[in-house]
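Next comes structure16.csv, with CSV, C-alpha atoms.
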```
chain,number,residue,atom,x,y,z
A,1,MET,CA,0.0,0.0,0.0
A,2,LEU,CA,1.5,3.3,-1.1
A,3,SER,CA,1.4,6.3,1.2
A,4,TYR,CA,0.0,8.9,-1.3
A,5,GLN,CA,-3.1,10.8,-0.3
A,6,HIS,CA,-4.4,13.4,-2.7
A,7,GLY,CA,-5.9,15.6,0.0
A,8,PHE,CA,-2.6,17.4,0.3
A,9,HIS,CA,-2.7,18.4,-3.4
A,10,ALA,CA,-6.5,18.6,-4.1
A,11,GLY,CA,-7.5,21.7,-6.2
A,12,ASN,CA,-3.9,22.5,-7.2
A,13,ARG,CA,-3.0,23.7,-10.7
A,14,ALA,CA,-2.7,20.1,-12.0
A,15,ASP,CA,-6.2,19.3,-10.8
A,16,VAL,CA,-7.6,22.4,-12.5
A,17,HIS,CA,-6.0,21.2,-15.8
A,18,LYS,CA,-7.1,17.6,-15.4
A,19,HIS,CA,-10.7,18.3,-14.3
A,20,THR,CA,-11.4,21.1,-16.7
A,21,PHE,CA,-10.3,18.7,-19.5
A,22,LEU,CA,-12.3,15.8,-18.1
A,23,LEU,CA,-15.5,17.9,-17.7
A,24,ALA,CA,-15.2,19.2,-21.3
A,25,LEU,CA,-14.7,15.8,-22.9
A,26,LEU,CA,-17.4,14.0,-20.9
A,27,SER,CA,-19.9,16.9,-21.6
A,28,MET,CA,-19.3,16.6,-25.3
A,29,ILE,CA,-19.6,12.8,-25.5
A,30,ALA,CA,-22.8,12.9,-23.3
A,31,LYS,CA,-24.6,14.9,-26.0
A,32,LYS,CA,-24.8,11.7,-28.0
A,33,ALA,CA,-27.6,9.2,-27.3
A,34,ARG,CA,-25.3,6.3,-26.6
A,35,PRO,CA,-25.0,5.4,-22.9
A,36,ILE,CA,-21.5,5.8,-21.3
A,37,THR,CA,-19.7,3.7,-18.8
A,38,TYR,CA,-17.0,5.8,-17.2
A,39,VAL,CA,-14.2,4.0,-15.2
A,40,GLU,CA,-11.4,5.3,-13.0
A,41,SER,CA,-8.4,3.4,-11.9
A,42,HIS,CA,-7.3,5.6,-8.9
A,43,ALA,CA,-10.4,7.5,-7.8
A,44,GLY,CA,-9.3,9.0,-4.5
A,45,ARG,CA,-11.9,10.2,-2.0
A,46,GLY,CA,-14.0,12.0,-4.5
A,47,LEU,CA,-14.6,15.2,-2.5
A,48,TYR,CA,-11.9,17.1,-0.6
A,49,ASP,CA,-12.1,19.5,2.4
A,50,LEU,CA,-10.0,22.5,1.6
A,51,THR,CA,-10.3,23.7,5.2
A,52,GLY,CA,-8.9,20.4,6.5
A,53,GLU,CA,-5.5,19.7,7.8
A,54,GLN,CA,-4.1,18.1,4.6
A,55,ALA,CA,-5.1,21.0,2.3
A,56,GLN,CA,-4.1,23.7,4.7
A,57,LYS,CA,-0.7,22.1,5.3
A,58,THR,CA,0.4,22.6,1.7
A,59,GLY,CA,-2.0,25.3,0.5
A,60,GLU,CA,-1.5,24.1,-3.1
A,61,TRP,CA,-5.2,24.8,-3.9
A,62,ARG,CA,-4.7,28.5,-3.6
A,63,ALA,CA,-2.6,28.7,-6.7
A,64,GLY,CA,-5.1,26.3,-8.5
A,65,ILE,CA,-8.8,26.6,-8.0
A,66,GLY,CA,-8.3,29.4,-5.5
A,67,ALA,CA,-6.7,31.6,-8.2
A,68,ILE,CA,-9.6,31.3,-10.6
A,69,TYR,CA,-12.6,31.0,-8.2
A,70,GLN,CA,-13.4,34.7,-8.2
A,71,GLN,CA,-11.8,35.5,-11.6
A,72,ARG,CA,-13.8,37.3,-14.2
A,73,GLY,CA,-13.5,36.8,-18.0
A,74,LEU,CA,-12.4,33.2,-17.9
A,75,PRO,CA,-12.6,31.2,-21.2
A,76,THR,CA,-15.9,29.4,-21.4
A,77,PRO,CA,-14.7,25.8,-20.6
A,78,ILE,CA,-12.7,27.0,-17.7
A,79,ALA,CA,-15.6,29.1,-16.4
A,80,ARG,CA,-17.9,26.0,-16.6
A,81,PHE,CA,-15.5,24.0,-14.5
A,82,ARG,CA,-15.2,26.9,-12.0
A,83,ASP,CA,-19.0,27.0,-11.9
A,84,VAL,CA,-19.2,23.3,-11.1
A,85,VAL,CA,-16.9,23.9,-8.1
A,86,ALA,CA,-19.0,26.9,-7.1
A,87,ARG,CA,-22.1,24.8,-7.0
A,88,TRP,CA,-20.4,22.4,-4.6
A,89,ASN,CA,-19.8,25.5,-2.4
A,90,ARG,CA,-23.3,26.9,-3.0
A,91,GLY,CA,-21.6,29.9,-4.6
A,92,GLU,CA,-20.0,31.0,-1.4
A,93,ALA,CA,-16.3,31.0,-0.3
A,94,ILE,CA,-14.6,27.9,-1.4
A,95,GLN,CA,-14.4,25.2,1.2
A,96,GLN,CA,-14.6,21.9,-0.7
A,97,TYR,CA,-13.3,20.7,-4.0
A,98,PRO,CA,-14.9,17.9,-6.1
A,99,GLY,CA,-12.5,15.3,-7.4
A,100,SER,CA,-12.9,13.6,-10.7
A,101,PRO,CA,-15.5,11.1,-9.5
A,102,CYS,CA,-17.8,14.0,-8.6
A,103,ILE,CA,-16.9,15.9,-11.7
A,104,ALA,CA,-17.8,12.9,-13.8
A,105,GLY,CA,-20.9,12.1,-11.8
A,106,GLY,CA,-22.3,15.6,-12.5
A,107,ALA,CA,-21.4,15.6,-16.2
A,108,LEU,CA,-23.0,12.2,-17.0
A,109,ARG,CA,-26.6,11.2,-17.2
A,110,LYS,CA,-28.7,8.9,-15.0
A,111,ARG,CA,-28.6,6.2,-17.7
A,112,ASP,CA,-24.8,6.2,-17.7
A,113,ARG,CA,-22.6,4.2,-15.3
A,114,LEU,CA,-19.6,5.2,-13.2
A,115,ILE,CA,-17.3,2.5,-11.8
A,116,LEU,CA,-14.6,3.9,-9.6
A,117,PHE,CA,-11.7,1.9,-8.2
A,118,GLU,CA,-9.7,2.9,-5.1
A,119,LYS,CA,-7.3,0.7,-3.1
A,120,HIS,CA,-6.5,2.8,-0.1
A,121,PRO,CA,-9.1,1.8,2.7
A,122,ALA,CA,-9.6,5.3,4.2
A,123,GLU,CA,-9.9,6.9,0.7
A,124,PHE,CA,-12.3,4.2,-0.3
A,125,ARG,CA,-14.6,4.9,2.6
A,126,ALA,CA,-14.6,8.6,1.9
A,127,LEU,CA,-15.3,7.9,-1.8
A,128,SER,CA,-18.3,5.7,-1.0
A,129,GLU,CA,-19.7,8.5,1.1
A,130,ALA,CA,-19.1,11.1,-1.6
A,131,LEU,CA,-20.9,9.0,-4.1
A,132,THR,CA,-24.2,8.9,-2.2
A,133,HIS,CA,-25.1,11.9,-4.5
A,134,TYR,CA,-25.0,9.6,-7.5
A,135,ARG,CA,-27.1,6.5,-7.8
A,136,HIS,CA,-25.5,5.6,-11.1
A,137,ALA,CA,-22.0,5.4,-9.5
A,138,GLU,CA,-20.3,2.4,-7.9
A,139,ALA,CA,-17.2,2.5,-5.8
A,140,VAL,CA,-15.0,-0.7,-5.8
A,141,GLU,CA,-12.2,-1.3,-3.3
A,142,GLY,CA,-9.4,-2.9,-5.2
A,143,ASP,CA,-6.6,-2.5,-7.7
A,144,GLY,CA,-7.5,-0.1,-10.4
A,145,PHE,CA,-5.4,-1.7,-13.2
A,146,ASP,CA,-7.0,-5.1,-12.5
A,147,GLY,CA,-10.4,-3.5,-12.3
A,148,LEU,CA,-10.1,-1.7,-15.6
A,149,PHE,CA,-9.1,-5.0,-17.3
A,150,ASP,CA,-12.2,-6.7,-15.8
A,151,VAL,CA,-14.5,-3.9,-16.9
A,152,PHE,CA,-13.1,-3.8,-20.5
A,153,SER,CA,-13.3,-7.6,-20.7
A,154,THR,CA,-17.0,-7.8,-19.7
A,155,HIS,CA,-18.4,-4.5,-20.8
A,156,ASP,CA,-21.9,-4.0,-22.4
A,157,PRO,CA,-21.1,-3.1,-26.1
A,158,ARG,CA,-24.1,-0.8,-26.1
A,159,HIS,CA,-22.2,1.5,-23.8
A,160,ARG,CA,-19.3,3.8,-24.9
A,161,LEU,CA,-16.4,3.0,-22.6
A,162,ILE,CA,-14.3,6.0,-21.2
A,163,ALA,CA,-11.6,5.4,-18.6
A,164,MET,CA,-9.1,7.5,-16.8
A,165,ILE,CA,-5.8,6.1,-15.5
A,166,ASP,CA,-4.4,8.5,-12.8
A,167,PRO,CA,-1.9,6.7,-10.5
A,168,SER,CA,0.1,8.6,-8.0
A,169,TYR,CA,3.4,8.1,-9.9
A,170,GLU,CA,5.1,7.3,-6.6
A,171,LEU,CA,6.5,4.4,-8.6
A,172,LYS,CA,8.6,5.4,-11.6
A,173,GLU,CA,7.3,2.4,-13.5
A,174,ASP,CA,3.8,4.0,-13.7
A,175,PHE,CA,5.2,6.4,-16.4
A,176,GLU,CA,5.5,3.3,-18.6
A,177,ARG,CA,2.8,1.1,-17.2
A,178,ALA,CA,-0.1,3.7,-17.6
A,179,PRO,CA,0.2,4.4,-21.3
A,180,THR,CA,1.1,0.8,-22.2
A,181,PHE,CA,-2.0,-0.3,-20.4
A,182,ALA,CA,-4.1,2.3,-22.1
A,183,GLU,CA,-3.0,1.1,-25.5
A,184,LYS,CA,-3.9,-2.4,-24.6
A,185,LEU,CA,-7.4,-1.4,-23.4
A,186,VAL,CA,-8.1,0.5,-26.6
A,187,ALA,CA,-6.8,-2.4,-28.7
A,188,GLN,CA,-9.3,-4.6,-26.8
A,189,VAL,CA,-12.2,-2.2,-27.2
A,190,PRO,CA,-11.5,0.0,-30.3
A,191,ASP,CA,-14.2,2.6,-29.8
A,192,ALA,CA,-13.2,3.2,-26.2
A,193,LEU,CA,-11.3,6.3,-24.9
A,194,VAL,CA,-8.7,6.0,-22.2
A,195,LEU,CA,-7.3,9.2,-20.6
A,196,VAL,CA,-3.9,9.1,-18.9
A,197,TRP,CA,-2.9,11.9,-16.6
A,198,TYR,CA,0.7,12.4,-15.7
A,199,PRO,CA,2.8,15.0,-13.8
A,200,VAL,CA,5.5,17.0,-15.6
A,201,LEU,CA,8.5,16.7,-13.4
A,202,THR,CA,11.9,18.5,-13.2
A,203,THR,CA,13.5,15.1,-13.3
A,204,GLY,CA,12.2,14.5,-16.8
A,205,GLU,CA,10.1,11.3,-16.5
A,206,THR,CA,7.2,11.3,-19.0
A,207,VAL,CA,4.7,8.9,-20.6
A,208,ALA,CA,5.1,7.5,-24.1
A,209,LEU,CA,2.7,9.0,-26.5
A,210,GLU,CA,1.0,6.8,-29.1
A,211,ARG,CA,1.1,8.3,-32.6
A,212,GLY,CA,-2.0,10.4,-33.2
A,213,ALA,CA,-3.1,10.4,-29.5
A,214,PHE,CA,-4.5,13.8,-28.3
A,215,HIS,CA,-2.1,15.4,-25.9
A,216,SER,CA,-2.8,18.4,-23.6
A,217,ARG,CA,0.1,19.7,-21.5
A,218,VAL,CA,0.5,22.8,-19.4
A,219,THR,CA,3.5,24.0,-17.4
A,220,PHE,CA,3.6,26.2,-14.3
A,221,PRO,CA,6.1,27.3,-11.6
A,222,GLN,CA,7.1,25.0,-8.7
A,223,THR,CA,4.8,25.5,-5.7
A,224,GLN,CA,7.9,25.1,-3.5
A,225,GLU,CA,11.6,24.7,-4.4
A,226,THR,CA,11.5,21.1,-3.1
A,227,HIS,CA,8.6,20.2,-5.4
A,228,ARG,CA,9.5,18.4,-8.6
A,229,MET,CA,6.1,19.0,-10.4
A,230,VAL,CA,6.2,21.8,-12.9
A,231,GLY,CA,3.3,20.9,-15.1
A,232,SER,CA,0.5,18.5,-15.9
A,233,GLY,CA,-0.3,16.3,-18.9
A,234,MET,CA,-3.4,14.6,-20.3
A,235,VAL,CA,-3.2,12.1,-23.1
A,236,VAL,CA,-6.3,10.6,-24.8
A,237,PHE,CA,-5.8,7.1,-26.3
A,238,GLY,CA,-8.5,6.3,-28.8
A,239,GLU,CA,-10.3,8.1,-31.6
A,240,ILE,CA,-11.9,11.4,-30.5
A,241,GLY,CA,-13.3,12.3,-33.9
A,242,GLU,CA,-15.2,15.6,-34.1
A,243,ASN,CA,-14.2,16.4,-30.5
A,244,ARG,CA,-10.6,17.0,-31.5
A,245,ARG,CA,-11.1,20.6,-32.6
A,246,PRO,CA,-12.9,21.8,-29.4
A,247,LEU,CA,-10.3,20.0,-27.3
A,248,LYS,CA,-7.6,21.9,-29.2
A,249,VAL,CA,-9.4,25.2,-28.4
A,250,LEU,CA,-9.6,24.1,-24.7
A,251,ASP,CA,-5.9,23.1,-24.7
A,252,ARG,CA,-4.9,26.6,-26.0
A,253,ALA,CA,-7.1,28.3,-23.4
A,254,LEU,CA,-5.6,26.2,-20.6
A,255,GLN,CA,-2.1,27.0,-21.7
A,256,GLU,CA,-2.8,30.7,-21.9
A,257,GLN,CA,-4.5,30.6,-18.5
A,258,PHE,CA,-1.5,29.0,-16.8
A,259,ALA,CA,1.0,31.2,-18.6
A,260,ALA,CA,-0.8,34.3,-17.4
A,261,ALA,CA,-1.1,33.1,-13.8
```

Translate the structure described by the file into structure tokens.
Amino acid sequence: MLSYQHGFHAGNRADVHKHTFLLALLSMIAKKARPITYVESHAGRGLYDLTGEQAQKTGEWRAGIGAIYQQRGLPTPIARFRDVVARWNRGEAIQQYPGSPCIAGGALRKRDRLILFEKHPAEFRALSEALTHYRHAEAVEGDGFDGLFDVFSTHDPRHRLIAMIDPSYELKEDFERAPTFAEKLVAQVPDALVLVWYPVLTTGETVALERGAFHSRVTFPQTQETHRMVGSGMVVFGEIGENRRPLKVLDRALQEQFAAA
């Protein structure tokens, strides 16, 4: 069991990048009639207390969601994400931050499914509680890579499969394992989309990009001198078709937003 807990980093600049991108992609695909099954390998707790000990200890959220929460004139997709966070705070001062399970739960429809894997016992218990808002969501305690393989092996072909692989990258091998696994999943279910998030580090580790895969990448200053993360990347494995153009527009908006921050 690894020690990583996302509560120390929830709402930081990498989260703003990842979750704005996820919200935009799911919202576009949900416009189609076909049901969706959304799966996460490393779901975390789903909802984070920004007034709690972990978030207050690092304060990373202040340069992330805190920096855009009251900002006017945001590009539309970033403003939509900010508005989602504001609804979780009833439009008042920001106190809690929805992770990707809650972002996805709100973007998808009642006929869609969410299957969310989390291995850490305490994080899993918190995830189960957060998902009481969503009857179409299921939290599963277990290994996310094994779980994704099982879902892709037994999926209902009437559903469009969308998955996100988002490990902690405490293990250097995850930089190779995550994209390799994503490629295998898409080979198994060709109309699926698999998103891989990764941190951009000063030490240079990165994920291998499949030719033609959509890639969104932003960079930002180190939060502290001891921090290695200086950016955030999202790679989409699978064919995104007509959604490529609006995602390119979103990618440019995100890059400009972080460059101006």

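Proximity to Phe181 (chain A) was assessed for A:Leu254, A:Ala260, A:Val207, A:Ala104 counting all atoms listed in the file; the smallest distance is recorded for A:Val207.
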
Within 8 Å of region 166-176 of chain A, counting only C-alpha atoms, which residues qualify if same-chain residues fewer than 5 places away don't, as a list in words?
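Here the answer would be Leu2, Tyr4, Glu40, Ser41, His42, Ala43, Val196, Trp197, Tyr198, Pro199, Glu205, Thr206, Val207 and Ala208 of chain A.
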
Selected residue, from A:Phe124, A:Phe81, A:Phe21, A:Phe117, that lies nearest to Leu47 (chain A) when counting only C-alpha atoms:
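When distances to Leu47 (chain A) are compared using only C-alpha atoms, the smallest one comes from A:Phe124.
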
Residues of region 49-141 of chain A at most 12 Å from region 213-229 of chain A: nearest atom pair and distance in Å, only C-alpha atoms, as JSON lines:
```
{"residue": "A:Thr58", "atom": "CA", "partner": "A:Thr223", "partner_atom": "CA", "distance": 9.1}
{"residue": "A:Gly59", "atom": "CA", "partner": "A:Thr223", "partner_atom": "CA", "distance": 9.2}
{"residue": "A:Glu60", "atom": "CA", "partner": "A:Thr223", "partner_atom": "CA", "distance": 7.0}
{"residue": "A:Trp61", "atom": "CA", "partner": "A:Thr223", "partner_atom": "CA", "distance": 10.2}
{"residue": "A:Arg62", "atom": "CA", "partner": "A:Thr223", "partner_atom": "CA", "distance": 10.2}
{"residue": "A:Ala63", "atom": "CA", "partner": "A:Thr223", "partner_atom": "CA", "distance": 8.1}
{"residue": "A:Gly64", "atom": "CA", "partner": "A:Thr223", "partner_atom": "CA", "distance": 10.3}
```

Please save C-alpha atoms of the selected residues as a short mmCIF file (atom, residue, chain, number, x, y, z; two decimals), in the coordinates of the input.
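Result went into selection_10.cif, see below:
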```cif
data_model
loop_
_atom_site.label_atom_id
_atom_site.label_comp_id
_atom_site.auth_asym_id
_atom_site.auth_seq_id
_atom_site.Cartn_x
_atom_site.Cartn_y
_atom_site.Cartn_z
CA THR A 58 0.40 22.60 1.70
CA GLY A 59 -2.00 25.30 0.50
CA GLU A 60 -1.50 24.10 -3.10
CA TRP A 61 -5.20 24.80 -3.90
CA ARG A 62 -4.70 28.50 -3.60
CA ALA A 63 -2.60 28.70 -6.70
CA GLY A 64 -5.10 26.30 -8.50
#
```

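Atom pair CA of Met234 (chain A) / CA of His17 (chain A) has a distance of 8.4 Å (rounded to one decimal).
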
Computed interatomic separation between CA of Arg113 (chain A) and CA of Lys248 (chain A) (Å)
27.0 Å

So which one's closest to Arg245 (chain A), A:Gly52, A:Ala259, A:Met28, A:Pro190? Using only C-alpha atoms, please.
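Closest to Arg245 (chain A) of all the choices is A:Met28.
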
Using all atoms listed in the file, can you tell me which of A:Ala137, A:Val85, A:Ala163, A:Leu50 comes closest to Phe8 (chain A)?
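Smallest separation from Phe8 (chain A) among the options: A:Leu50.
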
All residues 12 Å or closer to Pro246 (chain A), all atoms listed in the file, same chain fewer than 4 positions away omitted, as a VMD selection string
chain A and resid 21 24 to 25 27 to 29 76 to 77 214 240 to 242 250 to 253

Which is closer to Lys119 (chain A) than all the others in A:Ala139, A:Val39, A:Leu74, A:Cys102, using only C-alpha atoms?
A:Ala139

A straight line from CA of Gln257 (chain A) to CA of Ala14 (chain A) spans 12.5 Å

Smallest atom-to-atom distance to Ile162 (chain A): which of A:Glu183, A:Asp49, A:Glu123, A:Asp191, using only C-alpha atoms?
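Of all the options, A:Asp191 lies closest to Ile162 (chain A).
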